[in-house]
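Colleague: Dropping in query-v1.pdb, with PDB, C-alpha atoms.
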```
ATOM      1  CA  MET A   1      -4.476 -17.579   5.288
ATOM      2  CA  SER A   2      -4.972 -17.917   1.537
ATOM      3  CA  PRO A   3      -3.786 -15.162  -0.842
ATOM      4  CA  ASN A   4      -7.392 -14.034  -1.272
ATOM      5  CA  GLU A   5      -8.007 -13.961   2.498
ATOM      6  CA  LEU A   6      -4.817 -11.959   3.054
ATOM      7  CA  ASN A   7      -5.864  -9.551   0.297
ATOM      8  CA  GLN A   8      -9.259  -9.074   1.966
ATOM      9  CA  THR A   9      -7.618  -8.535   5.372
ATOM     10  CA  ILE A  10      -5.341  -5.839   3.948
ATOM     11  CA  LEU A  11      -8.183  -4.133   2.087
ATOM     12  CA  ILE A  12     -10.427  -4.162   5.159
ATOM     13  CA  ARG A  13      -7.704  -2.307   7.070
ATOM     14  CA  LEU A  14      -6.879   0.130   4.268
ATOM     15  CA  THR A  15     -10.542   1.066   3.876
ATOM     16  CA  ARG A  16     -10.993   2.062   7.517
ATOM     17  CA  PRO A  17     -11.601   5.785   8.181
ATOM     18  CA  ASP A  18      -7.933   6.640   8.836
ATOM     19  CA  PHE A  19      -7.125   5.793   5.193
ATOM     20  CA  LYS A  20      -8.740   7.055   1.997
ATOM     21  CA  GLU A  21      -8.560   5.372  -1.375
ATOM     22  CA  VAL A  22      -7.714   7.773  -4.190
ATOM     23  CA  ASP A  23      -7.639   7.382  -7.952
ATOM     24  CA  GLY A  24      -4.127   6.138  -8.647
ATOM     25  CA  GLY A  25      -4.928   6.170 -12.348
ATOM     26  CA  LYS A  26      -5.431   9.947 -12.335
ATOM     27  CA  ILE A  27      -2.407  10.639 -10.129
ATOM     28  CA  TYR A  28       0.133   8.148 -11.502
ATOM     29  CA  GLY A  29      -1.530   6.314 -14.370
ATOM     30  CA  LEU A  30      -1.692   3.149 -12.267
ATOM     31  CA  GLN A  31      -3.264   0.075 -13.730
ATOM     32  CA  GLU A  32      -6.549  -1.071 -12.207
ATOM     33  CA  ARG A  33      -4.909  -3.873 -10.225
ATOM     34  CA  SER A  34      -2.836  -1.585  -7.995
ATOM     35  CA  ARG A  35      -4.606   0.604  -5.470
ATOM     36  CA  LEU A  36      -3.534   3.878  -3.909
ATOM     37  CA  PHE A  37      -4.496   5.064  -0.431
ATOM     38  CA  VAL A  38      -3.592   8.183   1.555
ATOM     39  CA  THR A  39      -3.504   8.791   5.292
ATOM     40  CA  ALA A  40      -2.517  11.389   7.857
ATOM     41  CA  LEU A  41      -0.876   8.738  10.039
ATOM     42  CA  PRO A  42       2.926   8.968  10.410
ATOM     43  CA  ARG A  43       4.847   6.770   7.982
ATOM     44  CA  ASP A  44       6.380   4.646  10.757
ATOM     45  CA  GLU A  45       2.916   3.943  12.143
ATOM     46  CA  VAL A  46       1.656   2.996   8.674
ATOM     47  CA  VAL A  47       4.544   0.546   8.240
ATOM     48  CA  HIS A  48       3.820  -0.869  11.699
ATOM     49  CA  VAL A  49       0.137  -1.381  10.783
ATOM     50  CA  LEU A  50       1.034  -3.039   7.474
ATOM     51  CA  SER A  51       3.686  -5.227   9.102
ATOM     52  CA  GLY A  52       1.123  -6.395  11.636
ATOM     53  CA  LEU A  53      -1.186  -7.494   8.827
ATOM     54  CA  LEU A  54       1.646  -9.406   7.154
ATOM     55  CA  ASP A  55       3.041 -10.976  10.319
ATOM     56  CA  GLY A  56       2.848 -14.750  10.065
ATOM     57  CA  GLN A  57       1.164 -14.545   6.657
ATOM     58  CA  VAL A  58       4.190 -13.982   4.405
ATOM     59  CA  THR A  59       7.455 -15.902   4.085
ATOM     60  CA  SER A  60       9.477 -12.861   5.226
ATOM     61  CA  GLN A  61       9.163  -9.104   5.498
ATOM     62  CA  PRO A  62      12.018  -7.645   3.448
ATOM     63  CA  TRP A  63      11.053  -3.990   3.815
ATOM     64  CA  ALA A  64      13.496  -1.716   2.014
ATOM     65  CA  GLU A  65      13.847   2.017   2.436
ATOM     66  CA  ASP A  66      15.110   4.393  -0.189
ATOM     67  CA  TYR A  67      14.364   7.969  -1.181
ATOM     68  CA  GLY A  68      11.851   8.324   1.647
ATOM     69  CA  GLN A  69       9.834   5.293   0.616
ATOM     70  CA  VAL A  70       9.466   2.026   2.527
ATOM     71  CA  HIS A  71       8.462  -0.811   0.232
ATOM     72  CA  GLY A  72       8.554  -4.540  -0.300
ATOM     73  CA  SER A  73       7.326  -7.538  -2.229
ATOM     74  CA  PHE A  74       5.982 -10.288  -0.019
ATOM     75  CA  ALA A  75       5.372 -13.967  -0.830
ATOM     76  CA  VAL A  76       2.208 -15.339   0.788
ATOM     77  CA  LYS A  77       3.173 -18.121   3.190
ATOM     78  CA  SER A  78       0.262 -20.414   2.289
ATOM     79  CA  ASP A  79       1.267 -20.318  -1.397
ATOM     80  CA  PRO A  80       4.584 -18.532  -2.087
ATOM     81  CA  ARG A  81       3.838 -18.344  -5.820
ATOM     82  CA  TRP A  82       1.520 -15.463  -4.871
ATOM     83  CA  VAL A  83       3.333 -12.190  -4.188
ATOM     84  CA  LEU A  84       1.910  -8.842  -3.055
ATOM     85  CA  GLY A  85       3.498  -5.419  -2.995
ATOM     86  CA  LEU A  86       3.245  -2.577  -0.491
ATOM     87  CA  ALA A  87       4.888   0.838  -0.358
ATOM     88  CA  ALA A  88       4.486   3.767   2.025
ATOM     89  CA  SER A  89       5.938   7.160   1.244
ATOM     90  CA  GLU A  90       5.510  10.826   2.004
ATOM     91  CA  ILE A  91       3.298  12.856  -0.302
ATOM     92  CA  VAL A  92       5.126  16.198   0.053
ATOM     93  CA  PRO A  93       7.995  15.324  -2.351
ATOM     94  CA  LYS A  94       5.347  14.381  -4.921
ATOM     95  CA  ARG A  95       3.627  17.785  -5.045
ATOM     96  CA  GLU A  96       3.726  17.810  -8.842
ATOM     97  CA  ASP A  97       1.934  14.471  -9.033
ATOM     98  CA  TYR A  98      -0.733  15.732  -6.644
ATOM     99  CA  ALA A  99      -1.030  19.226  -8.174
ATOM    100  CA  ALA A 100      -4.539  18.534  -9.466
ATOM    101  CA  PHE A 101      -5.570  17.327  -5.987
ATOM    102  CA  PRO A 102      -4.641  20.142  -3.551
ATOM    103  CA  GLN A 103      -7.167  18.890  -0.978
ATOM    104  CA  LEU A 104      -5.146  15.669  -0.666
ATOM    105  CA  LEU A 105      -1.914  17.621  -0.141
ATOM    106  CA  ASN A 106      -3.572  19.675   2.598
ATOM    107  CA  GLN A 107      -5.174  16.770   4.443
ATOM    108  CA  TYR A 108      -2.842  13.762   4.035
ATOM    109  CA  THR A 109       0.875  13.154   4.490
ATOM    110  CA  ILE A 110       1.480   9.519   3.472
ATOM    111  CA  GLU A 111       0.472   7.432   0.496
ATOM    112  CA  VAL A 112       0.251   3.651   0.420
ATOM    113  CA  LEU A 113       0.516   1.791  -2.856
ATOM    114  CA  TYR A 114      -0.907  -1.726  -2.673
ATOM    115  CA  SER A 115      -0.593  -4.398  -5.345
ATOM    116  CA  PRO A 116      -2.746  -7.406  -4.385
ATOM    117  CA  PRO A 117      -1.331 -10.922  -4.508
ATOM    118  CA  SER A 118      -0.686 -12.245  -7.958
ATOM    119  CA  ALA A 119       0.895 -15.490  -9.092
ATOM    120  CA  ASP A 120       3.826 -15.701 -11.439
ATOM    121  CA  GLU A 121       2.850 -18.637 -13.588
ATOM    122  CA  PRO A 122       5.618 -20.369 -15.562
TER     123      PRO A 122
END
```
Represent the structure contained in this file as C-alpha coordinates.
Modeller:
Amino acid sequence: MSPNELNQTILIRLTRPDFKEVDGGKIYGLQERSRLFVTALPRDEVVHVLSGLLDGQVTSQPWAEDYGQVHGSFAVKSDPRWVLGLAASEIVPKREDYAAFPQLLNQYTIEVLYSPPSADEP
(Lines of atoms letter the chains of each structure in order from A and count residues from 1; the text may use other names and numbers.)
(Lines give C-alpha, C1' and ligand atoms only; values in the text may rest on other atoms or scores of the structure.)
Protein backbone atom coordinates (compact mmCIF):
# COMPACT_ATOMS: atom_id res chain seq x y z
CA MET A 1 0.00 0.00 0.00
CA SER A 2 1.39 3.42 -0.90
CA PRO A 3 1.75 6.14 1.77
CA ASN A 4 -1.31 7.89 0.34
CA GLU A 5 -3.37 4.68 0.34
CA LEU A 6 -2.37 3.95 3.94
CA ASN A 7 -3.29 7.51 4.90
CA GLN A 8 -6.72 7.09 3.29
CA THR A 9 -7.24 3.74 5.03
CA ILE A 10 -6.45 5.28 8.42
CA LEU A 11 -8.67 8.30 7.80
CA ILE A 12 -11.57 6.13 6.63
CA ARG A 13 -11.39 4.26 9.94
CA LEU A 14 -10.95 7.36 12.10
CA THR A 15 -13.96 9.03 10.49
CA ARG A 16 -16.35 6.18 11.30
CA PRO A 17 -19.09 6.96 13.86
CA ASP A 18 -17.16 5.64 16.88
CA PHE A 19 -14.59 8.43 16.41
CA LYS A 20 -15.12 12.18 16.09
CA GLU A 21 -12.66 14.63 14.61
CA VAL A 22 -12.17 17.73 16.75
CA ASP A 23 -10.34 20.98 16.17
CA GLY A 24 -6.81 20.23 17.35
CA GLY A 25 -5.87 23.81 16.55
CA LYS A 26 -8.29 25.17 19.16
CA ILE A 27 -7.39 22.57 21.78
CA TYR A 28 -3.61 22.30 21.33
CA GLY A 29 -2.63 24.75 18.62
CA LEU A 30 -1.90 21.86 16.25
CA GLN A 31 -0.77 22.62 12.76
CA GLU A 32 -3.17 21.77 9.94
CA ARG A 33 -1.28 18.61 8.98
CA SER A 34 -1.95 16.77 12.24
CA ARG A 35 -5.48 15.69 13.05
CA LEU A 36 -7.13 15.05 16.39
CA PHE A 37 -9.93 12.56 17.00
CA VAL A 38 -11.80 11.53 20.16
CA THR A 39 -13.63 8.32 21.01
CA ALA A 40 -15.39 6.58 23.86
CA LEU A 41 -13.67 3.29 23.03
CA PRO A 42 -11.18 1.98 25.63
CA ARG A 43 -7.57 2.93 24.92
CA ASP A 44 -6.46 -0.70 24.48
CA GLU A 45 -9.18 -1.23 21.89
CA VAL A 46 -8.13 1.95 20.06
CA VAL A 47 -4.52 0.75 19.94
CA HIS A 48 -5.72 -2.64 18.69
CA VAL A 49 -7.74 -0.96 15.91
CA LEU A 50 -4.81 1.24 14.90
CA SER A 51 -2.37 -1.67 15.01
CA GLY A 52 -4.66 -3.64 12.72
CA LEU A 53 -4.56 -0.82 10.18
CA LEU A 54 -0.77 -0.71 10.33
CA ASP A 55 -0.22 -4.47 10.27
CA GLY A 56 1.80 -5.42 7.20
CA GLN A 57 1.88 -1.81 6.01
CA VAL A 58 4.72 -0.42 8.14
CA THR A 59 8.28 -1.66 8.68
CA SER A 60 7.62 -2.25 12.40
CA GLN A 61 5.24 -1.19 15.14
CA PRO A 62 7.38 0.35 17.88
CA TRP A 63 4.54 1.48 20.13
CA ALA A 64 5.83 3.17 23.27
CA GLU A 65 3.88 3.91 26.41
CA ASP A 66 4.61 6.71 28.81
CA TYR A 67 2.53 8.98 31.02
CA GLY A 68 -0.67 7.23 29.97
CA GLN A 69 -0.06 7.73 26.27
CA VAL A 70 0.65 5.04 23.68
CA HIS A 71 2.42 6.47 20.65
CA GLY A 72 4.73 5.71 17.78
CA SER A 73 6.28 6.81 14.52
CA PHE A 74 5.87 4.29 11.74
CA ALA A 75 7.76 3.99 8.44
CA VAL A 76 5.53 2.96 5.54
CA LYS A 77 6.74 -0.39 4.20
CA SER A 78 6.24 0.48 0.52
CA ASP A 79 8.46 3.57 0.90
CA PRO A 80 10.20 3.86 4.31
CA ARG A 81 11.11 7.50 3.66
CA TRP A 82 7.46 8.22 4.51
CA VAL A 83 6.72 8.17 8.24
CA LEU A 84 3.39 8.63 10.04
CA GLY A 85 2.66 9.25 13.69
CA LEU A 86 -0.12 7.98 15.95
CA ALA A 87 -0.83 8.52 19.63
CA ALA A 88 -3.71 7.43 21.85
CA SER A 89 -4.17 8.85 25.32
CA GLU A 90 -6.80 9.47 27.96
CA ILE A 91 -8.55 12.83 27.94
CA VAL A 92 -9.18 13.09 31.70
CA PRO A 93 -5.61 14.19 32.61
CA LYS A 94 -5.95 16.94 30.00
CA ARG A 95 -9.00 18.63 31.54
CA GLU A 96 -7.36 22.05 31.29
CA ASP A 97 -6.77 21.63 27.57
CA TYR A 98 -10.39 20.61 27.08
CA ALA A 99 -11.87 23.22 29.46
CA ALA A 100 -13.51 25.13 26.61
CA PHE A 101 -15.06 21.87 25.33
CA PRO A 102 -16.93 20.33 28.31
CA GLN A 103 -19.16 18.29 25.98
CA LEU A 104 -16.07 16.40 24.78
CA LEU A 105 -15.00 15.67 28.36
CA ASN A 106 -18.46 14.32 29.15
CA GLN A 107 -18.82 12.15 26.06
CA TYR A 108 -15.32 10.90 25.16
CA THR A 109 -12.47 9.26 27.06
CA ILE A 110 -9.63 8.83 24.54
CA GLU A 111 -7.99 11.12 22.04
CA VAL A 112 -6.06 10.02 18.97
CA LEU A 113 -3.49 12.30 17.41
CA TYR A 114 -2.69 11.38 13.81
CA SER A 115 0.11 12.84 11.71
CA PRO A 116 -0.23 11.59 8.11
CA PRO A 117 2.76 10.16 6.27
CA SER A 118 5.40 12.67 5.35
CA ALA A 119 8.78 12.20 3.73
CA ASP A 120 12.01 13.45 5.20
CA GLU A 121 13.80 14.70 2.13
CA PRO A 122 17.58 15.16 2.36
Colleague: Report, in Å with one decimal, the straight-line distance from atom CA of A:Phe74 to atom CA of A:Arg95.
Modeller: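 It comes out at 28.6 Å.
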Colleague: What residues come out when you apply the PyMOL selection byres ((chain A and resi 43) around 7) to this file, written as number ranges by chain?
Modeller: A: 41-42, 44-47, 88-89, 110
Colleague: Carefully work through the PyMOL selection byres ((chain A and resi 108) around 8) for this structure and note down the residues it includes, as a count of residues only.
Modeller: 11
Colleague: Determine the residue set returned by the PyMOL selection byres ((chain A and resi 62) around 12) for the present structure, and present it as a PyMOL selection string.
Modeller: chain A and resi 51+54-55+58-61+63-65+70-75+85-87
Colleague: Which residue gives the smallest distance to A:Asp79 among A:Arg16, A:Gly29, A:Arg35, A:Ala119, with only C-alpha atoms counted?
Modeller: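 Selected residue with least distance to A:Asp79: A:Ala119.
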